[in-house]
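> Here you go, one structure.
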Amino acid sequence: MRVDLLTKEYPPAVYGGAGVHVAELTRVLREHIEVQVRCFGEPRDKADVTAYPTPADLADANAALQTLGTDLAIAADCAGTDLVHSHTWYANFAGHTASLLHGVPHVISAHSLEPLRPWKAEQLGGGYRLSSFAEKTAYEGAAGIIAVSAGMREDILRSYPDVDPAKVHVVHNGIDIDEWQPNEATDVLERYGIDPDAPTIVFVGRITRQKGLPYFLRAVRQLLEGVQVVLCAGAPDTKEIAAEVDGLVAELQETREGVFLISEMLPRHELTQILTHATAFACPSIYEPLGIVNLEAMACGIPVVASATGGIPEVVLDGETGYLVRFEQVTDGTGTPTDPESFIADMAATLTKMVSDPERAAEMGRASRERAREHFSWASIGERTLEVYAQVLREWEAGADAR
């Protein structure tokens, strides 16, 4: 069986959880089936990976229109595959078009949903309407949809009520427990001036509305003196949120010591070092289908303090592998807390509770790594994905006459 995986991100151009997912899933699937990866960007040096640049005649077009142009080129090359599997709206339209063109089933892995990220209109302008159209069309036409959490499955069915619930399967994201493990070296900490022995909270994520970074930075104002905060944060979605985050960080650095901003994307061996020496990992997201960053921290033996939204409660066990901060959210799709000040105060209080009891934090960290090992291995996720493929292909063949 041949499957074509369609994705915007693929190594070495990976900037988010979806890219990590595709890279790891490809690795485990190739042990069982033929996989052709079709990604965006510069040429790759592997025979079974084909990259597609933006079409030259769309070089000056809206970013969403550029994406759809790239999707059409990808779709044309999927001839001969048995199934196409797309990741994120960037590649969903390629999968949908390839399915129609070549008469093969299209499976989507749902990493996020455009209706639940309305702030992207700031970034894409009218292109947000294009991305929303592409995603909606693909989801409603897909032969199968893989949700990365049960919470994500609920979001899909709420956002796209015309989707048949029987077509939506839950397969969690995963973690490579051998690649993500405690790293006791300290040279990276020394390079940035981070004290390896001080109580430390780490945030890792892109600077985007859904990650909730401004709320976290306001919560940091309320932390005890002497608590370090390491922000591995970059790739801002817009100039506006970049300016907001820069302003909040500058204010913190003026009023307290031990606030570090690392804007470049660190290689894994450096990030594991920073995570290993942390007391806790903070995930203040207001929208998070699952949160691979939480798994990465847990695999390094670090407990997580996270907002209780999306798929996060399926990863972080409250009181066992960390603490969940529960809050009410508005229902307009933005995920904005209904009481932002209470959310900020509760986040600060929970982080303080964690760093004030280092023995308990260490115990939770050990439980975190064990949970990552037992429940989120890529081998089991690959097997589950193959089961979805098999079911979709059976149903596709059974419905051939009807089509």
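Here's how to read the names in the structure tokens: chain A, B, ... by the order shown, residue numbers from 1 in each chain, ligand numbers from 1 in the order shown.
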As a PDB file with N, CA and C atoms, in the first residue's frame, please: the residues near Tyr52 (chain A) (cut-off 12 Å, only C-alpha atoms, same-chain neighbours under 3 positions excluded).


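The file below, part-v4.pdb, is the result:
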```pdb
ATOM      1  N   LEU A   6       0.622  14.619   2.916  1.00  0.00           N
ATOM      2  CA  LEU A   6       0.649  15.980   2.388  1.00  0.00           C
ATOM      3  C   LEU A   6       0.732  16.958   3.553  1.00  0.00           C
ATOM      4  N   THR A   7       1.734  17.833   3.523  1.00  0.00           N
ATOM      5  CA  THR A   7       2.002  18.681   4.679  1.00  0.00           C
ATOM      6  C   THR A   7       2.734  19.958   4.275  1.00  0.00           C
ATOM      7  N   LYS A   8       2.492  21.010   4.990  1.00  0.00           N
ATOM      8  CA  LYS A   8       3.286  22.232   4.787  1.00  0.00           C
ATOM      9  C   LYS A   8       4.679  22.037   5.379  1.00  0.00           C
ATOM     10  N   GLU A   9       4.735  21.539   6.616  1.00  0.00           N
ATOM     11  CA  GLU A   9       6.013  21.397   7.335  1.00  0.00           C
ATOM     12  C   GLU A   9       6.601  19.999   7.160  1.00  0.00           C
ATOM     13  N   TYR A  10       7.898  19.961   6.978  1.00  0.00           N
ATOM     14  CA  TYR A  10       8.629  18.705   7.025  1.00  0.00           C
ATOM     15  C   TYR A  10      10.101  19.049   7.227  1.00  0.00           C
ATOM     16  N   VAL A  37       6.118  11.555   0.898  1.00  0.00           N
ATOM     17  CA  VAL A  37       5.830  12.825   1.560  1.00  0.00           C
ATOM     18  C   VAL A  37       5.844  13.931   0.518  1.00  0.00           C
ATOM     19  N   ARG A  38       4.809  14.761   0.526  1.00  0.00           N
ATOM     20  CA  ARG A  38       4.737  15.929  -0.355  1.00  0.00           C
ATOM     21  C   ARG A  38       4.552  17.159   0.532  1.00  0.00           C
ATOM     22  N   CYS A  39       5.576  18.004   0.542  1.00  0.00           N
ATOM     23  CA  CYS A  39       5.600  19.123   1.478  1.00  0.00           C
ATOM     24  C   CYS A  39       5.828  20.443   0.741  1.00  0.00           C
ATOM     25  N   PHE A  40       5.727  21.528   1.478  1.00  0.00           N
ATOM     26  CA  PHE A  40       5.962  22.849   0.913  1.00  0.00           C
ATOM     27  C   PHE A  40       7.446  23.205   1.035  1.00  0.00           C
ATOM     28  N   GLY A  41       7.910  24.141   0.197  1.00  0.00           N
ATOM     29  CA  GLY A  41       9.210  24.747   0.433  1.00  0.00           C
ATOM     30  C   GLY A  41      10.331  24.286  -0.468  1.00  0.00           C
ATOM     31  N   GLU A  42      11.539  24.354   0.109  1.00  0.00           N
ATOM     32  CA  GLU A  42      12.753  24.073  -0.636  1.00  0.00           C
ATOM     33  C   GLU A  42      12.936  22.573  -0.867  1.00  0.00           C
ATOM     34  N   PRO A  43      13.683  22.201  -1.913  1.00  0.00           N
ATOM     35  CA  PRO A  43      13.899  20.777  -2.202  1.00  0.00           C
ATOM     36  C   PRO A  43      14.508  20.017  -1.026  1.00  0.00           C
ATOM     37  N   ARG A  44      14.073  18.775  -0.828  1.00  0.00           N
ATOM     38  CA  ARG A  44      14.644  17.892   0.179  1.00  0.00           C
ATOM     39  C   ARG A  44      15.545  16.882  -0.530  1.00  0.00           C
ATOM     40  N   VAL A  49      10.609  12.078  -0.674  1.00  0.00           N
ATOM     41  CA  VAL A  49      10.098  13.366  -0.203  1.00  0.00           C
ATOM     42  C   VAL A  49      10.192  14.357  -1.355  1.00  0.00           C
ATOM     43  N   PRO A  55       4.094  28.707  -6.519  1.00  0.00           N
ATOM     44  CA  PRO A  55       4.117  28.959  -7.964  1.00  0.00           C
ATOM     45  C   PRO A  55       4.599  30.377  -8.264  1.00  0.00           C
ATOM     46  N   ALA A  56       5.466  30.499  -9.238  1.00  0.00           N
ATOM     47  CA  ALA A  56       6.094  31.787  -9.533  1.00  0.00           C
ATOM     48  C   ALA A  56       5.070  32.876  -9.828  1.00  0.00           C
ATOM     49  N   GLN A  66      -1.432  31.692  -2.307  1.00  0.00           N
ATOM     50  CA  GLN A  66      -0.198  30.965  -2.616  1.00  0.00           C
ATOM     51  C   GLN A  66      -0.311  29.507  -2.180  1.00  0.00           C
ATOM     52  N   THR A  67      -0.881  29.307  -0.986  1.00  0.00           N
ATOM     53  CA  THR A  67      -1.047  27.948  -0.461  1.00  0.00           C
ATOM     54  C   THR A  67      -1.910  27.103  -1.382  1.00  0.00           C
ATOM     55  N   LEU A  68      -3.029  27.657  -1.835  1.00  0.00           N
ATOM     56  CA  LEU A  68      -3.920  26.890  -2.698  1.00  0.00           C
ATOM     57  C   LEU A  68      -3.241  26.576  -4.028  1.00  0.00           C
ATOM     58  N   GLY A  69      -2.418  27.483  -4.510  1.00  0.00           N
ATOM     59  CA  GLY A  69      -1.671  27.208  -5.732  1.00  0.00           C
ATOM     60  C   GLY A  69      -0.703  26.054  -5.559  1.00  0.00           C
ATOM     61  N   THR A  70      -0.019  26.028  -4.433  1.00  0.00           N
ATOM     62  CA  THR A  70       0.892  24.920  -4.134  1.00  0.00           C
ATOM     63  C   THR A  70       0.119  23.616  -3.994  1.00  0.00           C
ATOM     64  N   ASP A  71      -1.058  23.695  -3.370  1.00  0.00           N
ATOM     65  CA  ASP A  71      -1.894  22.501  -3.201  1.00  0.00           C
ATOM     66  C   ASP A  71      -2.243  21.853  -4.541  1.00  0.00           C
ATOM     67  N   LEU A  72      -2.521  22.658  -5.531  1.00  0.00           N
ATOM     68  CA  LEU A  72      -2.903  22.101  -6.833  1.00  0.00           C
ATOM     69  C   LEU A  72      -1.735  21.342  -7.466  1.00  0.00           C
ATOM     70  N   ALA A  73      -0.534  21.876  -7.319  1.00  0.00           N
ATOM     71  CA  ALA A  73       0.646  21.176  -7.842  1.00  0.00           C
ATOM     72  C   ALA A  73       0.856  19.846  -7.120  1.00  0.00           C
ATOM     73  N   ILE A  74       0.653  19.849  -5.803  1.00  0.00           N
ATOM     74  CA  ILE A  74       0.781  18.611  -5.026  1.00  0.00           C
ATOM     75  C   ILE A  74      -0.257  17.582  -5.477  1.00  0.00           C
ATOM     76  N   ALA A  75      -1.501  18.023  -5.616  1.00  0.00           N
ATOM     77  CA  ALA A  75      -2.583  17.103  -5.989  1.00  0.00           C
ATOM     78  C   ALA A  75      -2.290  16.413  -7.311  1.00  0.00           C
ATOM     79  N   ALA A  76      -1.741  17.145  -8.250  1.00  0.00           N
ATOM     80  CA  ALA A  76      -1.469  16.560  -9.566  1.00  0.00           C
ATOM     81  C   ALA A  76      -0.486  15.397  -9.485  1.00  0.00           C
ATOM     82  N   ASP A  77       0.430  15.446  -8.513  1.00  0.00           N
ATOM     83  CA  ASP A  77       1.476  14.429  -8.413  1.00  0.00           C
ATOM     84  C   ASP A  77       1.085  13.206  -7.585  1.00  0.00           C
ATOM     85  N   ALA A  91      -2.537  21.915   3.693  1.00  0.00           N
ATOM     86  CA  ALA A  91      -2.485  20.781   2.774  1.00  0.00           C
ATOM     87  C   ALA A  91      -3.839  20.110   2.578  1.00  0.00           C
ATOM     88  N   ALA A  94      -5.119  20.238  -0.963  1.00  0.00           N
ATOM     89  CA  ALA A  94      -4.382  19.312  -1.826  1.00  0.00           C
ATOM     90  C   ALA A  94      -4.962  17.907  -1.704  1.00  0.00           C
TER      91      ALA A  94
END
```

> Could you give me, as an MDAnalysis selection string, the residues within 9 Å of Leu271 (chain A), counting only C-alpha atoms and dropping anything in the same chain fewer than 5 positions from it?

chainID A and resid 188 232 265:266 276

> Calculated over only C-alpha atoms, which of the candidates A:Leu386, A:Ile302, A:Leu213, A:His269 has the smallest distance to Leu248 (chain A)?

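The shortest atom-to-atom distance to Leu248 (chain A) comes from A:Leu213.
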
> In Å, with one decimal, what is the gap from CA of Val227 (chain A) to CA of Arg256 (chain A)?

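So the answer is 9.3 Å.
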
> Calculate how many Å separate CA of Val304 (chain A) from CA of Val325 (chain A), rounding to one decimal.

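Going from CA of Val304 (chain A) over to CA of Val325 (chain A) covers 10.6 Å.
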
> Running DSSP on the backbone, which parts of region 224-299 of chain A land in helix (DSSP H, G or I), as a PyMOL selection string?

chain A and resi 239-255+268-276+292-299

> With C-alpha atoms retained, write the just-selected residues as a compact mmCIF listing (two decimals), in the first residue's frame.


```
# COMPACT_ATOMS: atom_id res chain seq x y z
CA LYS A 239 3.51 42.39 14.26
CA GLU A 240 0.83 43.28 16.80
CA ILE A 241 1.25 40.22 19.01
CA ALA A 242 5.03 40.42 18.61
CA ALA A 243 4.95 43.99 19.93
CA GLU A 244 2.65 43.03 22.81
CA VAL A 245 4.90 40.16 23.90
CA ASP A 246 8.08 42.21 23.51
CA GLY A 247 6.57 44.93 25.67
CA LEU A 248 5.51 42.54 28.42
CA VAL A 249 8.91 40.81 28.44
CA ALA A 250 10.75 44.14 28.59
CA GLU A 251 8.58 45.22 31.52
CA LEU A 252 9.31 41.99 33.39
CA GLN A 253 13.03 42.25 32.74
CA GLU A 254 12.99 45.77 34.20
CA THR A 255 11.17 44.74 37.37
CA ARG A 268 16.37 19.24 20.47
CA HIS A 269 19.52 18.49 22.51
CA GLU A 270 19.59 22.10 23.73
CA LEU A 271 15.88 22.33 24.50
CA THR A 272 15.94 19.08 26.48
CA GLN A 273 18.68 20.57 28.64
CA ILE A 274 16.58 23.63 29.46
CA LEU A 275 13.53 21.49 30.17
CA THR A 276 15.42 19.03 32.36
CA ILE A 292 2.99 18.15 21.90
CA VAL A 293 5.06 20.63 23.92
CA ASN A 294 3.51 19.20 27.08
CA LEU A 295 4.57 15.70 26.08
CA GLU A 296 8.10 16.93 25.33
CA ALA A 297 8.38 18.44 28.80
CA MET A 298 6.89 15.36 30.45
CA ALA A 299 9.29 13.07 28.62
```

> So which one's closest to Val204 (chain A), A:Ser263, A:Thr81, A:Ser131, A:Ser109? Using only C-alpha atoms, please.

A:Ser263

> What gap, in Å, lies between CA of Gly258 (chain A) and CA of Pro182 (chain A)?

22.4 Å

> Which residue out of A:Ala390, A:Ala306, A:Leu116, A:Ile344 has the minimum interatomic distance to Thr331 (chain A) when only C-alpha atoms are used?

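Once distances to Thr331 (chain A) are computed over only C-alpha atoms, the minimum belongs to A:Leu116.
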
> Neighbours of Gly301 (chain A) within 6 Å (only C-alpha atoms; same-chain residues fewer than 3 positions away dropped), as number ranges by chain?

A: 298, 365-366, 368-369

> Take the residues from that selection and put them in a file with C-alpha atoms, as a short mmCIF file (atom, residue, chain, number, x, y, z; two decimals), in the first residue's frame.


```
data_model
loop_
_atom_site.label_atom_id
_atom_site.label_comp_id
_atom_site.auth_asym_id
_atom_site.auth_seq_id
_atom_site.Cartn_x
_atom_site.Cartn_y
_atom_site.Cartn_z
CA MET A 298 6.89 15.36 30.45
CA GLY A 365 8.04 14.95 37.01
CA ARG A 366 8.88 11.28 37.39
CA SER A 368 5.11 12.63 33.84
CA ARG A 369 7.90 10.75 32.10
#
```

> As a PyMOL selection string, please: the residues near Gly322 (chain A) (cut-off 10 Å, only C-alpha atoms, same-chain neighbours under 2 positions excluded).

chain A and resi 280-282+298+302-306+315-320+324+350-351+354+360-361+363-365+367-368

> Deliver the residues from the most recent selection as a file, using C-alpha atoms, as an mmCIF file, in the first residue's frame.


```cif
data_model
loop_
_atom_site.group_PDB
_atom_site.id
_atom_site.type_symbol
_atom_site.label_atom_id
_atom_site.label_comp_id
_atom_site.auth_asym_id
_atom_site.auth_seq_id
_atom_site.Cartn_x
_atom_site.Cartn_y
_atom_site.Cartn_z
ATOM 1 C CA ALA A 280 7.797 23.174 35.914
ATOM 2 C CA PHE A 281 6.588 23.683 32.380
ATOM 3 C CA ALA A 282 3.852 26.254 31.692
ATOM 4 C CA MET A 298 6.890 15.361 30.450
ATOM 5 C CA ILE A 302 9.088 17.855 34.145
ATOM 6 C CA PRO A 303 5.584 18.432 35.564
ATOM 7 C CA VAL A 304 3.203 20.692 33.667
ATOM 8 C CA VAL A 305 0.989 23.558 34.783
ATOM 9 C CA ALA A 306 -1.523 23.980 31.969
ATOM 10 C CA VAL A 315 -2.341 14.510 28.587
ATOM 11 C CA VAL A 316 -1.811 16.228 31.937
ATOM 12 C CA LEU A 317 -3.347 14.371 34.872
ATOM 13 C CA ASP A 318 -4.336 16.970 37.449
ATOM 14 C CA GLY A 319 -2.511 16.356 40.717
ATOM 15 C CA GLU A 320 -0.430 13.482 39.263
ATOM 16 C CA LEU A 324 -4.675 22.076 35.466
ATOM 17 C CA THR A 350 -0.852 27.337 40.573
ATOM 18 C CA LEU A 351 2.681 27.992 39.319
ATOM 19 C CA MET A 354 4.323 24.032 42.079
ATOM 20 C CA ARG A 360 6.351 17.242 45.044
ATOM 21 C CA ALA A 361 7.273 18.783 41.689
ATOM 22 C CA GLU A 363 7.664 13.397 42.088
ATOM 23 C CA MET A 364 5.189 14.676 39.504
ATOM 24 C CA GLY A 365 8.036 14.953 37.010
ATOM 25 C CA ALA A 367 5.200 10.400 36.926
ATOM 26 C CA SER A 368 5.114 12.627 33.841
#
```

> For Pro340 (chain A), which residue out of A:Arg218, A:Tyr287, A:Gly127, A:Ile312 is the nearest one, using only C-alpha atoms?

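Of all the options, A:Arg218 lies closest to Pro340 (chain A).
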
> Find the residue from A:Gly16, A:Glu114, A:Gly125, A:Ile145 that sits nearest to Gln391 (chain A); use only C-alpha atoms when measuring.

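Nearest to Gln391 (chain A): A:Ile145.
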
> Give me, as a PyMOL selection string, all polymer residues having an atom no more than 12 Å from Val107 (chain A), counting only C-alpha atoms and skipping those fewer than 6 positions away in the same chain.

chain A and resi 3-6+82-88+91-96+98-99+138-147+167-169+385-386+388-393+396

> Using only C-alpha atoms, determine which residues lie at most 12 Å from Gly193 (chain A), disregarding the query and same-chain residues fewer than 6 positions distant; provide the list as JSON, numbers by chain.

{"A": [186, 187, 228, 229, 230, 257, 258, 259, 260, 261, 262, 274]}
